[in-house]
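What follows is a set of notes on a single structure, which appears directly below.
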Amino acid sequence: MASLSASRVFSRAHIGRPDRVAARRSVRVAALSQDELKQQAAWKAVDYVKSDMVVGLGTGSTAAFAVDRIGQLLKEGKLKNIIGVPTSIRTFEQAKSLGIPLATLDEQPAIDVAIDGADEVDPNLDVVKGRGGALLREKMVEMASKTFVCIVDDTKMVEGLGGSKLAMPVEIVQFCHKYTLGRLAALPEVAGCEAKLRMDGDKPYVTDNSNYIVDLYFQTPIKDGHAAAKAILELEGVVDHGLFMDMVDVCIIAASDGVKVQERKK
């Protein structure tokens with residue numbers, strides 16, 4: 001009874017005071033954690049998954065929420081006959097633990113939809129990916145997908161790629177990695193960047209593909225993402241890079257004022 005009375009007192013106290021009610025609602029929305037925002041975006045993305053689909057399963061903290069959701073819907077019988085194509089060993093292990101049937105690109109070369117996060121998203125829906133180290137497999141799976149749905153919270157939005165001043169990864173072979181790092185740093189298309197070999201403790205970080213990663217750091221956004229992508233990939237010793245240009249079809253952005261869906265302009 002005490003709680004009911006308190007509820008009634010609250011209601012009466014705010015009759016005719018919509019400003020206070022709105023303020024309280026705003027505080028509740030703003031209080032959502034970054035993980036809660038990521039989950040909102042991920043669950044919205046899973047709406048694109050239908051029964052009998054082959055689904056690319058992304059890697060990272062945001063994509064993990066989508067993998068969990070797909071596993072939940074399969075268990076509840078709301079999705080059926082799903083085959084997942086994971087983009088990393090980490091995602092493979094997560095999906096397997098959830099009972100999601102899995103395959104590789106060798107077995108399922110045509111993917112209906114891929115869901116994955118991003119480290120940066122620009123106004124054209126071009127993105128930087130790979131700070132989690134899975135950029136090569138992510139790019140292979142997402143290039144094989146009819147629809148690539150990118151999921152982020154609004155902290156990942158930038159005016160230009162590289163604008164967050166955080167890492168733009170490049171996967172390289174181990175052979176003569178210092179030589180390749182130097183050539184990357186000297187490219188005119190990424191002029192002004194700082195190139196660093198990614199470390200795992202006191203040893204170089206090794207990807208699922210037994211390669212190294214060089215992280216490029218920019219003080220200002222990359223002037224021409226397409227030119228930079230082309231120049232980086234042309235270097236011998238480079239396997240691939242974290243610039244995902246013209247790939248995202250739909251971007252789902254979770255913010256404190258709600259979830260927004262943006263589609264690439266055709």
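Going through the structure tokens in order, the chains are called A, B, and so on, while each chain numbers its residues from 1 and the ligands are numbered from 1 in the order shown.
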Note to self: I need the helix (DSSP H, G or I) residues of region 41-145 of chain A per DSSP on the backbone, written as a PyMOL selection string.
What the structure shows: chain A and resi 41-46+61-76+89-97+135-143
Run DSSP on the backbone and tell me which residues of region 129-181 of chain A come out as strand (DSSP E or B); list them as a compact mmCIF listing (two decimals) with N, CA and C atoms, in the first residue's frame.
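See states01.txt below for the written result:
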```txt
# COMPACT_ATOMS: atom_id res chain seq x y z
N SER A 145 28.04 -10.65 -48.72
CA SER A 145 26.66 -10.53 -48.23
C SER A 145 25.81 -9.63 -49.15
N LYS A 146 24.57 -10.04 -49.35
CA LYS A 146 23.63 -9.22 -50.13
C LYS A 146 23.34 -7.91 -49.41
N THR A 147 23.25 -7.97 -48.08
CA THR A 147 22.98 -6.79 -47.28
C THR A 147 23.91 -6.78 -46.08
N PHE A 148 24.59 -5.66 -45.88
CA PHE A 148 25.46 -5.48 -44.72
C PHE A 148 24.81 -4.45 -43.81
N VAL A 149 24.41 -4.91 -42.61
CA VAL A 149 23.80 -4.03 -41.62
C VAL A 149 24.85 -3.72 -40.56
N CYS A 150 25.17 -2.45 -40.43
CA CYS A 150 26.17 -2.00 -39.48
C CYS A 150 25.47 -1.47 -38.23
N ILE A 151 25.96 -1.83 -37.06
CA ILE A 151 25.32 -1.44 -35.81
C ILE A 151 26.32 -0.70 -34.91
N VAL A 152 25.93 0.49 -34.46
CA VAL A 152 26.82 1.30 -33.62
C VAL A 152 25.99 2.10 -32.61
N ASP A 153 26.68 2.61 -31.60
CA ASP A 153 26.08 3.67 -30.80
C ASP A 153 26.61 4.99 -31.33
N MET A 157 30.06 7.94 -34.52
CA MET A 157 29.83 8.80 -35.67
C MET A 157 30.92 9.87 -35.76
N MET A 168 43.29 3.15 -37.10
CA MET A 168 42.78 2.60 -38.36
C MET A 168 43.72 1.45 -38.70
N PRO A 169 43.27 0.20 -38.53
CA PRO A 169 44.18 -0.94 -38.64
C PRO A 169 44.47 -1.37 -40.07
N VAL A 170 45.67 -1.89 -40.25
CA VAL A 170 46.10 -2.49 -41.51
C VAL A 170 46.71 -3.85 -41.17
N GLU A 171 46.18 -4.91 -41.76
CA GLU A 171 46.73 -6.24 -41.52
C GLU A 171 47.86 -6.51 -42.51
N ILE A 172 49.00 -6.94 -41.99
CA ILE A 172 50.17 -7.16 -42.82
C ILE A 172 50.78 -8.54 -42.52
```
Checklist line | Interatomic distance (Å, one decimal) between CA of Val141 (chain A) and CA of Ala229 (chain A) | finding: 18.3 Å
Note to self: Need to verify the contact set: Leu79 (chain A), 12 Å, only C-alpha atoms, exclusion of same-chain residues closer than 2 positions in sequence. Can you return it as a list in words?
What the structure shows: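 Using only C-alpha atoms, the neighbours found are Val46, Asp47, Tyr48, Val49, Lys50, Ser51, Asp52, Met53, Val54, Val55, Arg69, Ile70, Gly71, Gln72, Leu73, Leu74, Lys75, Glu76, Gly77, Asn81, Ile82, Ile83 and Ile100 of chain A.
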Keeping N, CA, C and O atoms for every residue in the selection just given, could you write it to a file as a short mmCIF file (atom, residue, chain, number, x, y, z; two decimals), in the first residue's frame?
```
data_model
loop_
_atom_site.label_atom_id
_atom_site.label_comp_id
_atom_site.auth_asym_id
_atom_site.auth_seq_id
_atom_site.Cartn_x
_atom_site.Cartn_y
_atom_site.Cartn_z
N VAL A 46 18.77 -7.39 -35.88
CA VAL A 46 18.34 -8.78 -36.01
C VAL A 46 16.95 -8.87 -36.64
O VAL A 46 16.56 -9.92 -37.16
N ASP A 47 16.22 -7.76 -36.67
CA ASP A 47 14.93 -7.73 -37.38
C ASP A 47 15.12 -8.02 -38.87
O ASP A 47 14.18 -8.44 -39.55
N TYR A 48 16.33 -7.81 -39.40
CA TYR A 48 16.62 -8.07 -40.81
C TYR A 48 16.85 -9.56 -41.07
O TYR A 48 16.96 -9.98 -42.22
N VAL A 49 16.97 -10.34 -40.02
CA VAL A 49 17.22 -11.78 -40.15
C VAL A 49 15.89 -12.53 -40.17
O VAL A 49 15.07 -12.36 -39.28
N LYS A 50 15.70 -13.34 -41.18
CA LYS A 50 14.49 -14.15 -41.32
C LYS A 50 14.88 -15.63 -41.36
O LYS A 50 16.02 -15.97 -41.66
N SER A 51 13.92 -16.49 -41.09
CA SER A 51 14.17 -17.93 -41.13
C SER A 51 14.70 -18.34 -42.51
O SER A 51 14.39 -17.70 -43.52
N ASP A 52 15.53 -19.36 -42.54
CA ASP A 52 16.12 -19.92 -43.76
C ASP A 52 17.20 -19.04 -44.37
O ASP A 52 17.56 -19.22 -45.53
N MET A 53 17.74 -18.12 -43.59
CA MET A 53 18.80 -17.24 -44.10
C MET A 53 20.18 -17.72 -43.69
O MET A 53 20.36 -18.40 -42.68
N VAL A 54 21.17 -17.36 -44.52
CA VAL A 54 22.57 -17.48 -44.15
C VAL A 54 23.00 -16.10 -43.65
O VAL A 54 22.81 -15.09 -44.34
N VAL A 55 23.56 -16.06 -42.45
CA VAL A 55 23.81 -14.79 -41.78
C VAL A 55 25.29 -14.64 -41.42
O VAL A 55 25.87 -15.52 -40.78
N ARG A 69 21.28 -12.48 -29.57
CA ARG A 69 19.86 -12.37 -29.90
C ARG A 69 19.43 -13.44 -30.91
O ARG A 69 18.36 -14.04 -30.77
N ILE A 70 20.25 -13.69 -31.91
CA ILE A 70 19.94 -14.74 -32.89
C ILE A 70 19.87 -16.09 -32.19
O ILE A 70 18.96 -16.89 -32.44
N GLY A 71 20.81 -16.35 -31.29
CA GLY A 71 20.77 -17.60 -30.55
C GLY A 71 19.51 -17.74 -29.71
O GLY A 71 18.90 -18.81 -29.65
N GLN A 72 19.10 -16.63 -29.09
CA GLN A 72 17.88 -16.63 -28.28
C GLN A 72 16.64 -16.93 -29.13
O GLN A 72 15.80 -17.75 -28.75
N LEU A 73 16.54 -16.27 -30.28
CA LEU A 73 15.37 -16.46 -31.15
C LEU A 73 15.32 -17.86 -31.74
O LEU A 73 14.24 -18.42 -31.94
N LEU A 74 16.49 -18.44 -32.01
CA LEU A 74 16.53 -19.83 -32.47
C LEU A 74 16.04 -20.76 -31.36
O LEU A 74 15.24 -21.68 -31.61
N LYS A 75 16.48 -20.53 -30.16
CA LYS A 75 16.08 -21.37 -29.03
C LYS A 75 14.57 -21.28 -28.79
O LYS A 75 13.92 -22.28 -28.45
N GLU A 76 14.00 -20.08 -28.98
CA GLU A 76 12.57 -19.87 -28.76
C GLU A 76 11.73 -20.35 -29.94
O GLU A 76 10.51 -20.34 -29.87
N GLY A 77 12.38 -20.72 -31.04
CA GLY A 77 11.66 -21.17 -32.22
C GLY A 77 11.13 -20.06 -33.09
O GLY A 77 10.38 -20.30 -34.04
N ASN A 81 16.15 -22.64 -39.16
CA ASN A 81 17.02 -22.94 -40.31
C ASN A 81 17.98 -21.80 -40.64
O ASN A 81 18.19 -21.44 -41.80
N ILE A 82 18.57 -21.24 -39.60
CA ILE A 82 19.59 -20.21 -39.77
C ILE A 82 20.96 -20.87 -39.85
O ILE A 82 21.26 -21.81 -39.10
N ILE A 83 21.80 -20.38 -40.75
CA ILE A 83 23.21 -20.80 -40.80
C ILE A 83 24.05 -19.55 -40.60
O ILE A 83 23.89 -18.56 -41.33
N ILE A 100 24.01 -22.09 -32.55
CA ILE A 100 23.75 -21.59 -33.90
C ILE A 100 24.50 -22.46 -34.90
O ILE A 100 25.73 -22.61 -34.79
#
```
Item checked: All residues 10 Å or closer to Val206 (chain A), only C-alpha atoms, same chain fewer than 4 positions away omitted, as number ranges by chain -> A: 133, 171, 173-174, 198-200, 210-213
Surrounding residues of region 40-44 of chain A excluding itself and chain neighbours under 5 positions, 12 Å, only C-alpha atoms, as a compact mmCIF listing (two decimals) with all heavy atoms, in the first residue's frame:
```
# COMPACT_ATOMS: atom_id res chain seq x y z
N LEU A 32 20.85 5.54 -20.04
CA LEU A 32 21.21 4.28 -20.68
C LEU A 32 22.73 4.19 -20.84
O LEU A 32 23.37 5.13 -21.28
CB LEU A 32 20.54 4.17 -22.05
CG LEU A 32 19.03 3.95 -22.08
CD1 LEU A 32 18.51 3.99 -23.50
CD2 LEU A 32 18.67 2.62 -21.43
N SER A 33 23.28 3.05 -20.49
CA SER A 33 24.72 2.85 -20.63
C SER A 33 25.07 2.61 -22.09
O SER A 33 24.20 2.35 -22.93
CB SER A 33 25.17 1.65 -19.79
OG SER A 33 24.66 0.45 -20.37
N GLN A 34 26.37 2.66 -22.39
CA GLN A 34 26.80 2.41 -23.76
C GLN A 34 26.46 0.98 -24.18
O GLN A 34 26.06 0.74 -25.31
CB GLN A 34 28.30 2.65 -23.89
CG GLN A 34 28.80 2.59 -25.33
CD GLN A 34 30.26 2.94 -25.46
OE1 GLN A 34 31.04 2.77 -24.53
NE2 GLN A 34 30.66 3.42 -26.63
N ASP A 35 26.57 0.03 -23.25
CA ASP A 35 26.21 -1.35 -23.57
C ASP A 35 24.72 -1.48 -23.88
O ASP A 35 24.33 -2.25 -24.77
CB ASP A 35 26.58 -2.28 -22.41
CG ASP A 35 28.04 -2.71 -22.44
OD1 ASP A 35 28.70 -2.46 -23.48
OD2 ASP A 35 28.52 -3.28 -21.46
N VAL A 49 16.97 -10.34 -40.02
CA VAL A 49 17.22 -11.78 -40.15
C VAL A 49 15.89 -12.53 -40.17
O VAL A 49 15.07 -12.36 -39.28
CB VAL A 49 18.10 -12.29 -38.99
CG1 VAL A 49 18.31 -13.80 -39.12
CG2 VAL A 49 19.44 -11.56 -38.96
N LEU A 57 28.06 -13.30 -39.15
CA LEU A 57 28.09 -12.95 -37.73
C LEU A 57 29.35 -12.15 -37.44
O LEU A 57 30.47 -12.66 -37.54
CB LEU A 57 28.06 -14.22 -36.87
CG LEU A 57 26.88 -15.18 -37.12
CD1 LEU A 57 27.04 -16.44 -36.27
CD2 LEU A 57 25.55 -14.49 -36.84
N GLY A 58 29.17 -10.89 -37.09
CA GLY A 58 30.29 -9.99 -36.88
C GLY A 58 31.04 -10.25 -35.59
O GLY A 58 30.71 -11.12 -34.79
N GLY A 60 33.07 -8.34 -32.15
CA GLY A 60 33.18 -7.14 -31.33
C GLY A 60 32.05 -7.05 -30.32
O GLY A 60 31.10 -7.84 -30.33
N SER A 61 32.13 -6.06 -29.46
CA SER A 61 31.19 -5.95 -28.35
C SER A 61 29.76 -5.70 -28.81
O SER A 61 28.81 -6.21 -28.20
CB SER A 61 31.64 -4.85 -27.40
OG SER A 61 31.72 -3.60 -28.07
N THR A 62 29.57 -4.93 -29.88
CA THR A 62 28.22 -4.65 -30.36
C THR A 62 27.66 -5.86 -31.12
O THR A 62 26.52 -6.27 -30.91
CB THR A 62 28.21 -3.42 -31.28
OG1 THR A 62 28.88 -2.33 -30.61
CG2 THR A 62 26.79 -2.98 -31.59
N ALA A 63 28.48 -6.44 -32.00
CA ALA A 63 28.03 -7.61 -32.76
C ALA A 63 27.69 -8.78 -31.85
O ALA A 63 26.81 -9.59 -32.16
CB ALA A 63 29.12 -8.02 -33.76
N ALA A 64 28.37 -8.88 -30.71
CA ALA A 64 28.10 -9.97 -29.77
C ALA A 64 26.66 -9.96 -29.29
O ALA A 64 26.06 -11.03 -29.07
CB ALA A 64 29.06 -9.90 -28.58
N PHE A 65 26.09 -8.77 -29.13
CA PHE A 65 24.68 -8.67 -28.73
C PHE A 65 23.77 -9.25 -29.82
O PHE A 65 22.76 -9.89 -29.52
CB PHE A 65 24.30 -7.22 -28.45
CG PHE A 65 24.81 -6.68 -27.15
CD1 PHE A 65 25.74 -5.66 -27.12
CD2 PHE A 65 24.36 -7.18 -25.94
CE1 PHE A 65 26.23 -5.15 -25.92
CE2 PHE A 65 24.83 -6.68 -24.73
CZ PHE A 65 25.77 -5.66 -24.72
N ALA A 66 24.12 -9.02 -31.08
CA ALA A 66 23.31 -9.55 -32.19
C ALA A 66 23.41 -11.08 -32.24
O ALA A 66 22.41 -11.77 -32.46
CB ALA A 66 23.77 -8.95 -33.51
N VAL A 67 24.61 -11.61 -32.02
CA VAL A 67 24.78 -13.07 -32.02
C VAL A 67 23.98 -13.69 -30.88
O VAL A 67 23.30 -14.70 -31.06
CB VAL A 67 26.28 -13.43 -31.90
CG1 VAL A 67 26.46 -14.95 -31.81
CG2 VAL A 67 27.07 -12.88 -33.08
N ASP A 68 24.03 -13.06 -29.72
CA ASP A 68 23.23 -13.54 -28.58
C ASP A 68 21.74 -13.55 -28.92
O ASP A 68 21.02 -14.50 -28.60
CB ASP A 68 23.45 -12.66 -27.36
CG ASP A 68 24.75 -12.97 -26.62
OD1 ASP A 68 25.31 -14.07 -26.83
OD2 ASP A 68 25.20 -12.12 -25.84
N ARG A 69 21.28 -12.48 -29.57
CA ARG A 69 19.86 -12.37 -29.90
C ARG A 69 19.43 -13.44 -30.91
O ARG A 69 18.36 -14.04 -30.77
CB ARG A 69 19.58 -10.98 -30.48
CG ARG A 69 18.13 -10.71 -30.88
CD ARG A 69 17.19 -10.81 -29.71
NE ARG A 69 15.86 -10.30 -30.06
CZ ARG A 69 14.77 -10.53 -29.34
NH1 ARG A 69 14.84 -11.24 -28.22
NH2 ARG A 69 13.61 -10.05 -29.72
N ILE A 70 20.25 -13.69 -31.91
CA ILE A 70 19.94 -14.74 -32.89
C ILE A 70 19.87 -16.09 -32.19
O ILE A 70 18.96 -16.89 -32.44
CB ILE A 70 20.99 -14.75 -34.02
CG1 ILE A 70 20.85 -13.48 -34.87
CG2 ILE A 70 20.84 -15.99 -34.90
CD1 ILE A 70 21.99 -13.26 -35.84
N GLY A 71 20.81 -16.35 -31.29
CA GLY A 71 20.77 -17.60 -30.55
C GLY A 71 19.51 -17.74 -29.71
O GLY A 71 18.90 -18.81 -29.65
N GLN A 72 19.10 -16.63 -29.09
CA GLN A 72 17.88 -16.63 -28.28
C GLN A 72 16.64 -16.93 -29.13
O GLN A 72 15.80 -17.75 -28.75
CB GLN A 72 17.72 -15.27 -27.59
CG GLN A 72 16.45 -15.13 -26.77
CD GLN A 72 16.24 -13.70 -26.28
OE1 GLN A 72 17.12 -12.86 -26.37
NE2 GLN A 72 15.06 -13.41 -25.77
N LEU A 73 16.54 -16.27 -30.28
CA LEU A 73 15.37 -16.46 -31.15
C LEU A 73 15.32 -17.86 -31.74
O LEU A 73 14.24 -18.42 -31.94
CB LEU A 73 15.37 -15.40 -32.26
CG LEU A 73 15.17 -13.95 -31.79
CD1 LEU A 73 15.29 -12.99 -32.97
CD2 LEU A 73 13.83 -13.78 -31.09
N ALA A 114 24.63 -9.70 -43.35
CA ALA A 114 25.69 -9.70 -42.35
C ALA A 114 25.42 -8.58 -41.36
O ALA A 114 24.99 -7.49 -41.75
CB ALA A 114 27.06 -9.51 -43.00
N ILE A 115 25.67 -8.85 -40.09
CA ILE A 115 25.48 -7.85 -39.04
C ILE A 115 26.80 -7.69 -38.31
O ILE A 115 27.37 -8.66 -37.81
CB ILE A 115 24.38 -8.29 -38.05
CG1 ILE A 115 23.04 -8.45 -38.76
CG2 ILE A 115 24.25 -7.27 -36.91
CD1 ILE A 115 21.94 -9.01 -37.88
N ASP A 116 27.28 -6.47 -38.24
CA ASP A 116 28.57 -6.23 -37.59
C ASP A 116 28.63 -4.79 -37.10
O ASP A 116 27.91 -3.92 -37.59
CB ASP A 116 29.71 -6.50 -38.58
CG ASP A 116 31.01 -6.87 -37.88
OD1 ASP A 116 31.07 -6.80 -36.63
OD2 ASP A 116 31.97 -7.25 -38.58
N GLY A 117 29.51 -4.55 -36.16
CA GLY A 117 29.71 -3.21 -35.64
C GLY A 117 30.73 -2.44 -36.47
O GLY A 117 31.19 -2.91 -37.52
N ALA A 118 31.10 -1.27 -35.99
CA ALA A 118 32.12 -0.45 -36.65
C ALA A 118 32.79 0.43 -35.60
O ALA A 118 32.22 0.71 -34.55
CB ALA A 118 31.51 0.41 -37.76
N VAL A 149 24.41 -4.91 -42.61
CA VAL A 149 23.80 -4.03 -41.62
C VAL A 149 24.85 -3.72 -40.56
O VAL A 149 25.36 -4.62 -39.89
CB VAL A 149 22.57 -4.70 -40.96
CG1 VAL A 149 21.95 -3.77 -39.93
CG2 VAL A 149 21.54 -5.09 -42.02
N CYS A 150 25.17 -2.45 -40.43
CA CYS A 150 26.17 -2.00 -39.48
C CYS A 150 25.47 -1.47 -38.23
O CYS A 150 24.48 -0.73 -38.33
CB CYS A 150 27.02 -0.90 -40.12
SG CYS A 150 28.33 -0.25 -39.06
N ILE A 151 25.96 -1.83 -37.06
CA ILE A 151 25.32 -1.44 -35.81
C ILE A 151 26.32 -0.70 -34.91
O ILE A 151 27.42 -1.20 -34.65
CB ILE A 151 24.73 -2.65 -35.07
CG1 ILE A 151 25.73 -3.82 -35.01
CG2 ILE A 151 23.46 -3.13 -35.75
CD1 ILE A 151 25.23 -5.03 -34.24
N VAL A 152 25.93 0.49 -34.46
CA VAL A 152 26.82 1.30 -33.62
C VAL A 152 25.99 2.10 -32.61
O VAL A 152 24.78 2.26 -32.77
CB VAL A 152 27.65 2.29 -34.46
CG1 VAL A 152 28.62 1.57 -35.39
CG2 VAL A 152 26.74 3.23 -35.27
N ASP A 153 26.68 2.61 -31.60
CA ASP A 153 26.08 3.67 -30.80
C ASP A 153 26.61 4.99 -31.33
O ASP A 153 27.58 5.01 -32.12
CB ASP A 153 26.40 3.50 -29.31
CG ASP A 153 27.89 3.62 -29.02
OD1 ASP A 153 28.36 4.77 -28.88
OD2 ASP A 153 28.59 2.60 -28.96
N ASP A 154 26.00 6.08 -30.95
CA ASP A 154 26.30 7.36 -31.61
C ASP A 154 27.69 7.92 -31.32
O ASP A 154 28.12 8.88 -31.95
CB ASP A 154 25.23 8.41 -31.27
CG ASP A 154 25.15 8.72 -29.79
OD1 ASP A 154 25.76 8.00 -28.98
OD2 ASP A 154 24.45 9.69 -29.43
N VAL A 250 22.93 -0.58 -44.62
CA VAL A 250 22.07 -0.01 -43.58
C VAL A 250 22.92 0.21 -42.33
O VAL A 250 23.69 -0.67 -41.95
CB VAL A 250 20.90 -0.96 -43.23
CG1 VAL A 250 20.03 -0.36 -42.12
CG2 VAL A 250 20.07 -1.27 -44.46
N CYS A 251 22.77 1.37 -41.71
CA CYS A 251 23.46 1.63 -40.45
C CYS A 251 22.41 1.92 -39.38
O CYS A 251 21.56 2.80 -39.56
CB CYS A 251 24.43 2.80 -40.58
SG CYS A 251 25.48 3.01 -39.11
N ILE A 252 22.47 1.17 -38.30
CA ILE A 252 21.55 1.36 -37.19
C ILE A 252 22.33 2.01 -36.05
O ILE A 252 23.34 1.48 -35.58
CB ILE A 252 20.93 0.02 -36.74
CG1 ILE A 252 20.12 -0.57 -37.91
CG2 ILE A 252 20.06 0.20 -35.51
CD1 ILE A 252 19.56 -1.94 -37.64
N ILE A 253 21.87 3.19 -35.64
CA ILE A 253 22.59 4.02 -34.68
C ILE A 253 21.73 4.19 -33.44
O ILE A 253 20.63 4.72 -33.50
CB ILE A 253 22.91 5.40 -35.28
CG1 ILE A 253 23.64 5.24 -36.63
CG2 ILE A 253 23.73 6.24 -34.31
CD1 ILE A 253 23.48 6.43 -37.55
N ALA A 254 22.25 3.73 -32.31
CA ALA A 254 21.53 3.89 -31.04
C ALA A 254 22.06 5.12 -30.32
O ALA A 254 23.27 5.26 -30.12
CB ALA A 254 21.71 2.65 -30.17
N ALA A 255 21.15 6.01 -29.97
CA ALA A 255 21.51 7.23 -29.25
C ALA A 255 20.55 7.40 -28.07
O ALA A 255 19.57 6.68 -27.93
CB ALA A 255 21.43 8.44 -30.19
N SER A 256 20.85 8.37 -27.22
CA SER A 256 20.03 8.57 -26.03
C SER A 256 18.59 8.96 -26.38
O SER A 256 17.68 8.75 -25.59
CB SER A 256 20.65 9.66 -25.15
OG SER A 256 20.79 10.88 -25.87
N ASP A 257 18.38 9.50 -27.59
CA ASP A 257 17.02 9.89 -28.00
C ASP A 257 16.35 8.84 -28.88
O ASP A 257 15.31 9.10 -29.48
CB ASP A 257 17.04 11.24 -28.72
CG ASP A 257 17.93 11.25 -29.95
OD1 ASP A 257 18.72 10.29 -30.13
OD2 ASP A 257 17.86 12.22 -30.72
N GLY A 258 16.95 7.64 -28.97
CA GLY A 258 16.31 6.55 -29.72
C GLY A 258 17.21 5.93 -30.75
O GLY A 258 18.37 6.33 -30.94
N VAL A 259 16.68 4.93 -31.43
CA VAL A 259 17.42 4.20 -32.46
C VAL A 259 17.07 4.76 -33.84
O VAL A 259 15.90 4.91 -34.17
CB VAL A 259 17.09 2.69 -32.41
CG1 VAL A 259 17.77 1.95 -33.55
CG2 VAL A 259 17.51 2.11 -31.07
N LYS A 260 18.10 5.09 -34.61
CA LYS A 260 17.90 5.64 -35.95
C LYS A 260 18.42 4.65 -36.99
O LYS A 260 19.44 4.00 -36.78
CB LYS A 260 18.64 6.98 -36.09
CG LYS A 260 18.21 8.02 -35.06
CD LYS A 260 19.08 9.26 -35.13
CE LYS A 260 18.72 10.25 -34.03
NZ LYS A 260 19.63 11.43 -34.04
N VAL A 261 17.73 4.58 -38.11
CA VAL A 261 18.13 3.71 -39.20
C VAL A 261 18.46 4.57 -40.41
O VAL A 261 17.63 5.34 -40.88
CB VAL A 261 17.02 2.70 -39.57
CG1 VAL A 261 17.46 1.82 -40.74
CG2 VAL A 261 16.66 1.83 -38.36
N GLN A 262 19.69 4.44 -40.91
CA GLN A 262 20.11 5.18 -42.12
C GLN A 262 20.45 4.18 -43.21
O GLN A 262 21.16 3.20 -42.95
CB GLN A 262 21.31 6.07 -41.82
CG GLN A 262 21.01 7.22 -40.87
CD GLN A 262 22.19 8.16 -40.72
OE1 GLN A 262 23.14 8.14 -41.53
NE2 GLN A 262 22.15 8.99 -39.71
```
Notebook entry, point to check: At what distance in Å, to one decimal, does CA of Phe218 (chain A) lie from CA of Ala167 (chain A)?
Noted result: 8.0 Å
Check: What does the distance between CA of Val248 (chain A) and CA of Pro221 (chain A) come to in Å, to one decimal place?
Finding: 19.4 Å
Notebook entry, point to check: Out of A:Ala95, A:Leu184, A:Ala103, A:Leu216, which residue has the shortest atom-to-atom distance to Leu233 (chain A) when counting only C-alpha atoms?
Noted result: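 Ranked by minimum distance to Leu233 (chain A), first place goes to A:Leu184.
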Margin query: Under the rule that only C-alpha atoms are counted, which of A:Lys78, A:Glu236, A:Asp246, A:Thr155 is the nearest residue to Phe175 (chain A)?
Written below: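 Closest to Phe175 (chain A) of all the choices is A:Glu236.
Distances from A:Lys129, A:Lys80, A:His177, A:Lys223 to Gly160 (chain A) were compared using only C-alpha atoms, and the smallest one belongs to A:Lys223.
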Checklist line | Close residues, Met247 (chain A) itself excluded, 9 Å, only C-alpha atoms, min 3 positions apart in chain, as a PyMOL selection string | finding: chain A and resi 125-127+142-143+147-148+244
Restricted to all heavy atoms, what would the selected residues look like written as a CSV table (one decimal), in the first residue's frame?
```
chain,number,residue,atom,x,y,z
A,125,LEU,N,28.2,6.7,-44.7
A,125,LEU,CA,28.2,5.3,-44.2
A,125,LEU,C,29.4,4.5,-44.6
A,125,LEU,O,29.3,3.3,-44.7
A,125,LEU,CB,26.9,4.6,-44.6
A,125,LEU,CG,25.5,5.3,-44.2
A,125,LEU,CD1,24.3,4.4,-44.5
A,125,LEU,CD2,25.6,5.7,-42.7
A,126,ASP,N,30.5,5.1,-44.9
A,126,ASP,CA,31.7,4.4,-45.0
A,126,ASP,C,32.3,4.3,-43.6
A,126,ASP,O,32.0,5.1,-42.7
A,126,ASP,CB,32.7,5.2,-45.9
A,126,ASP,CG,32.3,5.2,-47.3
A,126,ASP,OD1,31.8,4.2,-47.8
A,126,ASP,OD2,32.5,6.3,-48.0
A,127,VAL,N,33.0,3.2,-43.3
A,127,VAL,CA,33.3,2.9,-41.9
A,127,VAL,C,34.8,2.5,-41.8
A,127,VAL,O,35.4,2.0,-42.7
A,127,VAL,CB,32.4,1.8,-41.3
A,127,VAL,CG1,30.9,2.2,-41.5
A,127,VAL,CG2,32.6,0.5,-42.0
A,142,GLU,N,31.5,-9.8,-45.2
A,142,GLU,CA,30.6,-8.7,-45.6
A,142,GLU,C,30.5,-8.4,-47.0
A,142,GLU,O,29.5,-8.0,-47.6
A,142,GLU,CB,30.9,-7.5,-44.7
A,142,GLU,CG,30.4,-7.8,-43.2
A,142,GLU,CD,31.3,-7.3,-42.1
A,142,GLU,OE1,32.1,-6.4,-42.3
A,142,GLU,OE2,31.2,-7.8,-41.0
A,143,MET,N,31.6,-8.6,-47.7
A,143,MET,CA,31.6,-8.5,-49.2
A,143,MET,C,30.8,-9.5,-49.9
A,143,MET,O,30.3,-9.3,-51.0
A,143,MET,CB,33.1,-8.5,-49.7
A,143,MET,CG,33.8,-7.2,-49.5
A,143,MET,SD,33.2,-5.8,-50.4
A,143,MET,CE,33.5,-6.2,-52.1
A,147,THR,N,23.2,-8.0,-48.1
A,147,THR,CA,23.0,-6.8,-47.3
A,147,THR,C,23.9,-6.8,-46.1
A,147,THR,O,24.0,-7.8,-45.4
A,147,THR,CB,21.5,-6.8,-46.8
A,147,THR,OG1,20.6,-6.9,-47.9
A,147,THR,CG2,21.2,-5.5,-46.0
A,148,PHE,N,24.6,-5.7,-45.9
A,148,PHE,CA,25.5,-5.5,-44.7
A,148,PHE,C,24.8,-4.4,-43.8
A,148,PHE,O,24.7,-3.3,-44.2
A,148,PHE,CB,26.8,-5.0,-45.2
A,148,PHE,CG,27.8,-4.7,-44.0
A,148,PHE,CD1,27.6,-5.1,-42.7
A,148,PHE,CD2,28.9,-3.9,-44.3
A,148,PHE,CE1,28.5,-4.8,-41.7
A,148,PHE,CE2,29.8,-3.6,-43.3
A,148,PHE,CZ,29.6,-4.0,-42.0
A,244,PHE,N,36.4,0.3,-44.9
A,244,PHE,CA,35.3,-0.4,-45.5
A,244,PHE,C,34.5,0.6,-46.3
A,244,PHE,O,33.6,1.2,-45.8
A,244,PHE,CB,34.4,-1.1,-44.5
A,244,PHE,CG,35.0,-2.4,-43.9
A,244,PHE,CD1,36.3,-2.4,-43.4
A,244,PHE,CD2,34.3,-3.6,-43.8
A,244,PHE,CE1,36.9,-3.5,-42.8
A,244,PHE,CE2,34.8,-4.7,-43.3
A,244,PHE,CZ,36.1,-4.7,-42.8
```
